[in-house]
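**Q** You'll find structure_34.txt just under this line, and it carries compact mmCIF, C-alpha atoms.
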```txt
# COMPACT_ATOMS: atom_id res chain seq x y z
CA MET A 296 -23.55 -30.48 16.06
CA ASP A 297 -23.76 -26.71 16.52
CA LEU A 298 -21.14 -25.14 18.75
CA ILE A 299 -22.40 -23.27 21.82
CA ASP A 300 -20.75 -20.06 23.04
CA LYS A 301 -20.29 -18.89 26.62
CA ASP A 302 -23.83 -17.48 26.64
CA GLY A 303 -25.34 -20.78 25.54
CA LEU A 304 -26.09 -19.62 21.98
CA THR A 305 -25.54 -21.34 18.66
CA GLU A 306 -24.16 -19.22 15.82
CA SER A 307 -27.58 -18.82 14.20
CA GLU A 308 -29.13 -17.79 17.55
CA PHE A 309 -26.30 -15.32 18.15
CA LEU A 310 -26.75 -13.72 14.71
CA LYS A 311 -30.52 -13.37 15.21
CA GLN A 312 -30.09 -11.34 18.39
CA TYR A 313 -26.99 -9.42 17.25
CA LYS A 314 -27.54 -5.64 17.14
CA ALA A 315 -25.20 -3.90 14.71
CA GLY A 316 -26.32 -0.55 16.10
CA ASP A 317 -24.57 -1.30 19.39
CA TYR A 318 -21.28 -0.39 17.70
CA GLU A 319 -20.38 2.77 15.85
CA ARG A 320 -19.49 2.11 12.23
CA PRO A 321 -17.58 4.33 9.80
CA SER A 322 -18.75 5.34 6.37
CA VAL A 323 -16.47 4.06 3.61
CA THR A 324 -15.56 5.95 0.45
CA THR A 325 -13.44 5.22 -2.58
CA ASP A 326 -11.23 8.08 -3.77
CA MET A 327 -9.73 7.76 -7.23
CA VAL A 328 -6.35 9.09 -8.35
CA ILE A 329 -6.84 8.95 -12.13
CA PHE A 330 -3.71 9.67 -14.16
CA THR A 331 -3.36 10.24 -17.87
CA VAL A 332 -0.66 11.61 -20.15
CA THR A 333 -1.51 14.35 -22.64
CA GLU A 334 0.46 16.18 -25.30
CA ASP A 335 1.36 19.85 -25.18
CA GLU A 336 1.30 21.40 -28.65
CA ALA A 337 4.78 21.79 -30.10
CA ASP A 338 6.09 25.21 -31.16
CA SER A 339 7.30 23.73 -34.44
CA TYR A 340 5.70 21.06 -36.61
CA ARG A 341 9.16 19.45 -36.81
CA LYS A 342 9.30 19.06 -33.04
CA LEU A 343 7.55 16.22 -31.23
CA PRO A 344 4.78 17.32 -28.82
CA GLU A 345 5.81 17.31 -25.14
CA LYS A 346 4.09 14.86 -22.79
CA GLU A 347 2.40 15.98 -19.57
CA LEU A 348 1.26 13.86 -16.63
CA ARG A 349 -2.21 14.93 -15.51
CA VAL A 350 -4.62 14.00 -12.72
CA LEU A 351 -8.39 14.35 -12.76
CA LEU A 352 -9.93 16.65 -10.14
CA ILE A 353 -13.53 17.58 -9.42
CA ARG A 354 -14.59 21.00 -8.12
CA ARG A 355 -16.96 20.35 -5.25
CA GLY A 356 -20.45 21.76 -5.71
CA ALA A 357 -21.60 21.08 -2.14
CA HIS A 358 -20.41 21.34 1.46
CA PRO A 359 -17.97 20.49 2.90
CA PHE A 360 -15.13 22.19 1.01
CA LEU A 361 -17.57 23.90 -1.35
CA GLY A 362 -15.66 25.20 -4.38
CA LYS A 363 -12.46 23.29 -3.54
CA TRP A 364 -10.95 20.69 -5.85
CA ALA A 365 -11.12 17.02 -4.87
CA LEU A 366 -10.36 13.60 -6.24
CA PRO A 367 -13.34 11.87 -7.85
CA GLY A 368 -14.98 9.33 -5.59
CA GLY A 369 -17.99 8.56 -3.48
CA PHE A 370 -19.50 6.40 -0.78
CA VAL A 371 -19.46 2.63 -1.12
CA ARG A 372 -22.98 1.26 -1.48
CA PRO A 373 -24.24 -1.63 0.69
CA ASN A 374 -24.39 -4.01 -2.27
CA GLU A 375 -20.87 -3.50 -3.65
CA THR A 376 -17.22 -4.01 -2.80
CA THR A 377 -14.78 -1.11 -2.65
CA GLU A 378 -13.35 -2.16 -6.02
CA GLN A 379 -16.81 -2.28 -7.59
CA ALA A 380 -17.46 1.21 -6.19
CA ALA A 381 -14.17 2.42 -7.68
CA VAL A 382 -15.05 0.98 -11.10
CA ARG A 383 -18.49 2.60 -10.93
CA GLU A 384 -17.07 6.00 -9.97
CA LEU A 385 -14.42 5.74 -12.69
CA CYS A 386 -17.05 5.06 -15.34
CA GLU A 387 -19.32 7.83 -14.06
CA GLU A 388 -16.54 10.43 -14.14
CA THR A 389 -14.67 9.45 -17.32
CA GLY A 390 -16.93 7.15 -19.34
CA VAL A 391 -14.17 4.50 -19.25
CA GLU A 392 -14.39 1.03 -17.71
CA ASP A 393 -11.67 -1.37 -18.84
CA VAL A 394 -8.49 0.35 -17.61
CA TYR A 395 -5.62 -0.31 -15.22
CA LEU A 396 -6.82 -0.06 -11.62
CA GLU A 397 -5.07 -0.91 -8.37
CA GLN A 398 -5.82 -0.35 -4.71
CA LEU A 399 -3.52 2.30 -3.31
CA TYR A 400 -3.91 2.71 0.45
CA THR A 401 -6.50 3.03 3.19
CA PHE A 402 -6.68 6.49 4.76
CA SER A 403 -8.34 6.52 8.18
CA ASP A 404 -6.99 9.52 10.11
CA ILE A 405 -9.34 10.83 12.77
CA GLY A 406 -11.17 13.95 11.56
CA ARG A 407 -10.19 13.56 7.90
CA ASP A 408 -13.81 14.31 6.92
CA PRO A 409 -15.71 16.98 8.90
CA ARG A 410 -19.07 15.30 8.22
CA THR A 411 -18.57 12.07 10.11
CA TRP A 412 -16.24 9.13 10.63
CA VAL A 413 -15.09 8.30 7.09
CA ILE A 414 -12.49 5.80 5.94
CA SER A 415 -11.19 6.14 2.39
CA CYS A 416 -10.09 3.13 0.38
CA SER A 417 -8.14 4.85 -2.37
CA TYR A 418 -7.39 3.54 -5.86
CA MET A 419 -5.07 4.54 -8.68
CA ALA A 420 -6.21 4.31 -12.31
CA LEU A 421 -4.19 4.85 -15.49
CA ILE A 422 -6.00 5.89 -18.66
CA ASN A 423 -4.92 6.47 -22.23
CA SER A 424 -6.06 10.04 -22.93
CA ASP A 425 -7.60 9.01 -26.27
CA LYS A 426 -10.41 7.26 -24.37
CA LEU A 427 -11.47 10.11 -22.11
CA GLU A 428 -14.91 11.64 -21.74
CA LEU A 429 -15.25 13.92 -18.71
CA LYS A 430 -18.48 14.01 -16.72
CA ALA A 431 -18.90 15.69 -13.33
CA GLY A 432 -20.85 13.77 -10.68
CA ASP A 433 -23.83 14.80 -8.56
CA ASP A 434 -21.90 16.79 -5.95
CA ALA A 435 -19.48 18.33 -8.48
CA ALA A 436 -19.60 21.72 -10.15
CA ASP A 437 -16.82 21.08 -12.66
CA ALA A 438 -14.21 18.51 -13.72
CA ALA A 439 -10.74 19.18 -15.14
CA TRP A 440 -7.39 17.57 -15.83
CA PHE A 441 -4.53 19.18 -13.89
CA LYS A 442 -0.88 19.01 -14.93
CA VAL A 443 1.17 17.40 -12.14
CA SER A 444 4.47 18.59 -10.69
CA TYR A 445 5.88 16.69 -7.68
CA ARG A 446 9.35 17.71 -6.55
CA PRO A 447 11.41 17.35 -3.35
CA LEU A 448 11.96 20.41 -1.19
CA ARG A 449 14.05 19.15 1.73
CA GLU A 450 15.19 15.99 3.47
CA GLN A 451 15.92 15.22 7.11
CA LYS A 452 17.27 12.01 8.62
CA GLU A 453 17.37 11.10 12.31
CA LEU A 454 19.13 8.08 13.78
CA ILE A 455 17.25 6.18 16.48
CA VAL A 456 18.29 3.30 18.71
CA ASP A 457 17.32 0.50 16.32
CA GLY A 458 17.16 2.28 12.98
CA TYR A 459 16.38 5.68 11.50
CA ILE A 460 13.59 8.10 10.62
CA LYS A 461 13.80 9.92 7.28
CA THR A 462 11.43 12.72 6.31
CA LEU A 463 11.18 14.11 2.79
CA GLU A 464 9.01 17.12 2.00
CA TYR A 465 7.55 17.35 -1.50
CA GLU A 466 5.83 20.24 -3.23
CA ILE A 467 2.78 19.32 -5.28
CA LYS A 468 1.79 21.80 -7.99
CA LEU A 469 -1.38 21.16 -9.98
CA SER A 470 -2.25 23.45 -12.87
CA SER A 471 -5.11 23.57 -15.34
CA GLU A 472 -5.92 26.13 -18.01
CA LYS A 473 -7.78 28.23 -15.42
CA GLU A 474 -6.36 27.49 -11.98
CA GLU A 475 -3.29 26.52 -9.96
CA LEU A 476 -3.30 24.49 -6.75
CA SER A 477 -0.43 23.61 -4.45
CA ALA A 478 0.43 21.64 -1.34
CA VAL A 479 3.46 20.50 0.62
CA VAL A 480 3.38 16.92 1.86
CA ALA A 481 5.89 15.26 4.19
CA ARG A 482 6.62 11.57 3.68
CA THR A 483 8.17 10.00 6.77
CA MET A 484 9.81 6.58 6.53
CA THR A 485 10.65 4.77 9.75
CA ALA A 486 13.05 1.85 9.46
CA LYS A 487 13.72 -0.36 12.47
CA THR A 488 15.38 -3.72 12.91
CA THR A 489 12.02 -5.49 13.03
CA SER A 490 9.70 -3.22 11.04
CA THR A 491 9.35 -0.42 8.51
CA GLY A 492 6.57 2.07 7.86
CA THR A 493 5.66 5.12 5.80
CA ASP A 494 3.37 7.99 6.82
CA TYR A 495 2.18 11.07 4.95
CA GLU A 496 1.36 14.44 6.51
CA ILE A 497 0.07 17.62 4.89
CA VAL A 498 2.35 20.55 5.77
CA SER A 499 0.44 23.16 3.75
CA ASN A 500 -2.46 23.09 1.33
CA ASP A 501 -3.96 25.62 -1.07
CA GLY A 502 -7.09 24.58 -2.92
CA LEU A 503 -7.44 20.83 -2.33
CA ALA A 504 -10.30 19.34 -0.30
CA PHE A 505 -10.08 16.85 2.56
CA ASP A 506 -6.71 15.04 2.81
CA HIS A 507 -6.50 14.52 -0.93
CA ALA A 508 -3.03 16.08 -1.17
CA LYS A 509 -1.76 13.08 0.81
CA ILE A 510 -3.55 10.63 -1.44
CA ILE A 511 -2.11 12.26 -4.57
CA ALA A 512 1.41 12.17 -3.09
CA CYS A 513 1.01 8.51 -2.21
CA ALA A 514 -0.18 7.72 -5.75
CA ILE A 515 2.74 9.53 -7.42
CA ASP A 516 5.21 7.70 -5.19
CA ARG A 517 3.55 4.39 -6.06
CA LEU A 518 3.62 5.15 -9.78
CA ARG A 519 7.26 6.26 -9.72
CA GLY A 520 8.24 3.19 -7.73
CA LYS A 521 6.48 0.66 -9.95
CA VAL A 522 7.63 2.20 -13.23
CA ASN A 523 11.14 0.95 -12.38
CA TYR A 524 10.25 -2.75 -12.20
CA THR A 525 6.92 -3.27 -14.01
CA ASP A 526 5.26 -2.33 -17.31
CA ILE A 527 2.79 -0.01 -15.54
CA ALA A 528 3.66 2.98 -17.78
CA LEU A 529 2.39 1.10 -20.83
CA HIS A 530 -1.16 1.42 -19.51
CA LEU A 531 -0.89 5.14 -20.31
CA MET A 532 -0.03 4.46 -23.95
CA PRO A 533 -2.25 4.04 -27.01
CA LYS A 534 -2.32 0.66 -28.74
CA LEU A 535 0.59 1.63 -31.02
CA PHE A 536 3.39 4.03 -30.08
CA THR A 537 7.00 4.92 -30.84
CA LEU A 538 9.83 4.23 -28.40
CA THR A 539 10.44 7.98 -28.22
CA GLU A 540 6.85 8.53 -27.10
CA LEU A 541 7.22 5.79 -24.49
CA GLN A 542 10.45 7.34 -23.22
CA GLN A 543 8.71 10.70 -22.88
CA VAL A 544 6.03 9.06 -20.70
CA TYR A 545 8.68 7.48 -18.46
CA GLU A 546 10.41 10.85 -18.17
CA VAL A 547 7.29 12.79 -17.15
CA ILE A 548 6.45 10.15 -14.54
CA MET A 549 9.96 10.10 -13.07
CA ASP A 550 10.57 13.83 -13.64
CA LYS A 551 14.03 13.27 -15.11
CA GLU A 552 15.67 12.75 -18.49
CA LEU A 553 16.72 9.24 -19.48
CA LEU A 554 19.53 8.13 -21.77
CA LYS A 555 18.08 6.79 -25.01
CA ALA A 556 20.24 3.66 -25.24
CA ALA A 557 19.78 2.68 -21.59
CA PHE A 558 16.04 3.24 -21.79
CA ARG A 559 15.66 1.06 -24.87
CA ARG A 560 17.53 -1.77 -23.17
CA LYS A 561 15.27 -1.37 -20.14
CA VAL A 562 12.01 -1.72 -22.11
CA ALA A 563 13.22 -4.21 -24.72
CA ASP A 564 11.24 -7.11 -23.21
CA LEU A 565 8.16 -4.99 -22.49
CA VAL A 566 7.35 -4.07 -26.10
CA VAL A 567 7.00 -5.77 -29.47
CA GLU A 568 7.80 -4.03 -32.75
CA THR A 569 5.15 -3.95 -35.47
CA ASP A 570 5.22 -3.42 -39.22
CA HIS A 571 3.58 -0.01 -38.85
CA TYR A 572 5.26 3.41 -38.98
CA THR A 573 4.26 6.94 -38.06
CA GLU A 574 3.07 9.19 -40.85
CA ASN A 575 3.63 12.55 -39.20
CA ALA A 576 4.70 15.44 -41.38
CA GLY A 577 7.89 17.25 -40.49
CA HIS A 578 10.09 14.33 -39.41
CA ARG A 579 11.12 10.86 -40.51
CA PRO A 580 8.68 7.97 -40.04
CA SER A 581 9.33 5.97 -36.86
CA ARG A 582 8.53 2.34 -36.21
CA LEU A 583 5.51 1.70 -34.02
CA TYR A 584 5.50 -0.73 -31.11
CA ARG A 585 2.86 -2.35 -28.95
CA ARG A 586 2.81 -3.71 -25.41
CA ASN A 587 4.23 -7.22 -25.03
CA LEU A 588 1.28 -9.07 -23.50
CA GLU A 589 3.32 -12.26 -23.15
CA GLY A 590 6.21 -10.69 -21.28
```
Could you write out this file's structure as structure tokens?
**A**
Amino acid sequence: MDLIDKDGLTESEFLKQYKAGDYERPSVTTDMVIFTVTEDEADSYRKLPEKELRVLLIRRGAHPFLGKWALPGGFVRPNETTEQAAVRELCEETGVEDVYLEQLYTFSDIGRDPRTWVISCSYMALINSDKLELKAGDDAADAAWFKVSYRPLREQKELIVDGYIKTLEYEIKLSSEKEELSAVVARTMTAKTTSTGTDYEIVSNDGLAFDHAKIIACAIDRLRGKVNYTDIALHLMPKLFTLTELQQVYEVIMDKELLKAAFRRKVADLVVETDHYTENAGHRPSRLYRRNLEG
């Protein structure tokens, strides 16, 4: 027996007369923070190349923010989920499909997009740089990988009745071969007896479109947090790698040097040694490892 609502309608009758246009609805986008690690050429052939964490940005070729740099992304189509939209955008911009992808955060601040009411469901992707093939989308004039620097500027802590509020300001510097961008983002953590929360606010911004400085900051924090307790960094590695190369990737993510012995204990269960060795000229062959898929 069909249930009847207060207006005397069954569910099928209610859906037939329902008018979606009676309610304002937001547009939904997916914005992608796509990280990779590249190598800077060494000054000496005996020295290992330095690793650099980079993020993909697209120079906008249309209003709004014409000429500014933005994260790759686009509007979710009626026939797809946000994750399907993210996978589609990722493939369109990089030519890569089967990579690490996770939902980051939903950004819904009022006025974040001057065109209309837009909610962004953001994602973070990690790509081995060997697989990359850059392609700018329809509303893009250019695409480039920017070296990432994310460092604390100042910290402030305030005690409240049932907890505390701590604000940390970070400076984001993004540099490519042709251009440098920067922003300052404040991350505010509120901890109370019954709840906790984290908010991001853009303090200053030079060159980035929309609220994408906040999204980048959120992604870096997520990556740095997860690298301590998961194997997430291994998604940035090629199939075979040395432990020194893996340590370099950890160091560029965390922006600090790690002790060799402690690092190797930390990743011992995450990797499996192989019978292969490097064949680079200039230094001794090193054993190659692979990700431990059974760990």
**Q** Could you tell me how far CA of Val413 (chain A) sits from CA of Gly369 (chain A), in Å to one decimal place?
**A** 11.0 Å
**Q** Rounded to one decimal in Å, what is the spacing between CA of Ala486 (chain A) and CA of Glu453 (chain A)?
**A** 10.6 Å
**Q** Select from region 392-498 of chain A every residue with an atom at most 8 Å from any atom of region 508-515 of chain A, then for each give the shortest pair of atoms and their distance in Å to one decimal, using only C-alpha atoms, rows by chain and rising number, as CSV.
**A**
```
residue,atom,partner,partner_atom,distance
A:Leu399,CA,A:Ala514,CA,6.8
A:Ser417,CA,A:Ile510,CA,7.4
A:Met419,CA,A:Ala514,CA,6.5
A:Tyr445,CA,A:Ile515,CA,7.8
A:Ile467,CA,A:Ala512,CA,7.6
A:Ala478,CA,A:Ala508,CA,6.6
A:Val480,CA,A:Lys509,CA,6.5
A:Tyr495,CA,A:Lys509,CA,6.1
A:Glu496,CA,A:Lys509,CA,6.6
A:Ile497,CA,A:Lys509,CA,6.4
```
**Q** Let me make sure I understand: among A:Gln398, A:Thr331, A:Asn575, A:Asn500, which one has the smallest atom-to-atom distance to Ala528 (chain A) if we use all atoms listed in the file?
**A**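 So, comparing all the options, the nearest one is A:Thr331.
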**Q** Select, counting only C-alpha atoms, all protein, DNA and RNA residues no farther than 12 Å from (-18.1, 20.7, -1.5) in file coordinates, and express the selection as a list in words.
**A**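 Those residues, ordered by chain and then number, are Ile353, Arg354, Arg355, Gly356, Ala357, His358, Pro359, Phe360, Leu361, Gly362, Lys363, Trp364, Ala365, Leu366, Pro367, Asp408, Pro409, Arg410, Gly432, Asp433, Asp434, Ala435, Ala436, Asp437, Gly502, Leu503, Ala504 and Phe505 of chain A.
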**Q** How far is it from CA of Asp570 (chain A) to CA of Leu541 (chain A), in Å with one decimal?
**A** 17.5 Å
**Q** Write out as a ChimeraX atom specification each polymer residue whose atoms come within 9 Å of region 312-324 of chain A, counting all atoms listed in the file; drop sequence neighbours fewer than 2 positions from it.
**A** /A:307-310,326,368-372,377,380-381,411-417
**Q** So, counting only C-alpha atoms, which residue among A:Leu448, A:Met484, A:Ala439, A:Val547 is closest to Ser470 (chain A)?
**A** A:Ala439
**Q** Point out the residue among A:Asn423, A:Asn374, A:Thr493, A:Thr333 with the least atom-to-atom distance to Pro533 (chain A), counting only C-alpha atoms.
**A**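 Closest to Pro533 (chain A) of all the choices is A:Asn423.
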**Q** Point out the residue among A:Leu529, A:Val498, A:Val544, A:Leu535 with the least atom-to-atom distance to Thr573 (chain A), counting only C-alpha atoms.
**A**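 Counting only C-alpha atoms, the residue closest to Thr573 (chain A) is A:Leu535.
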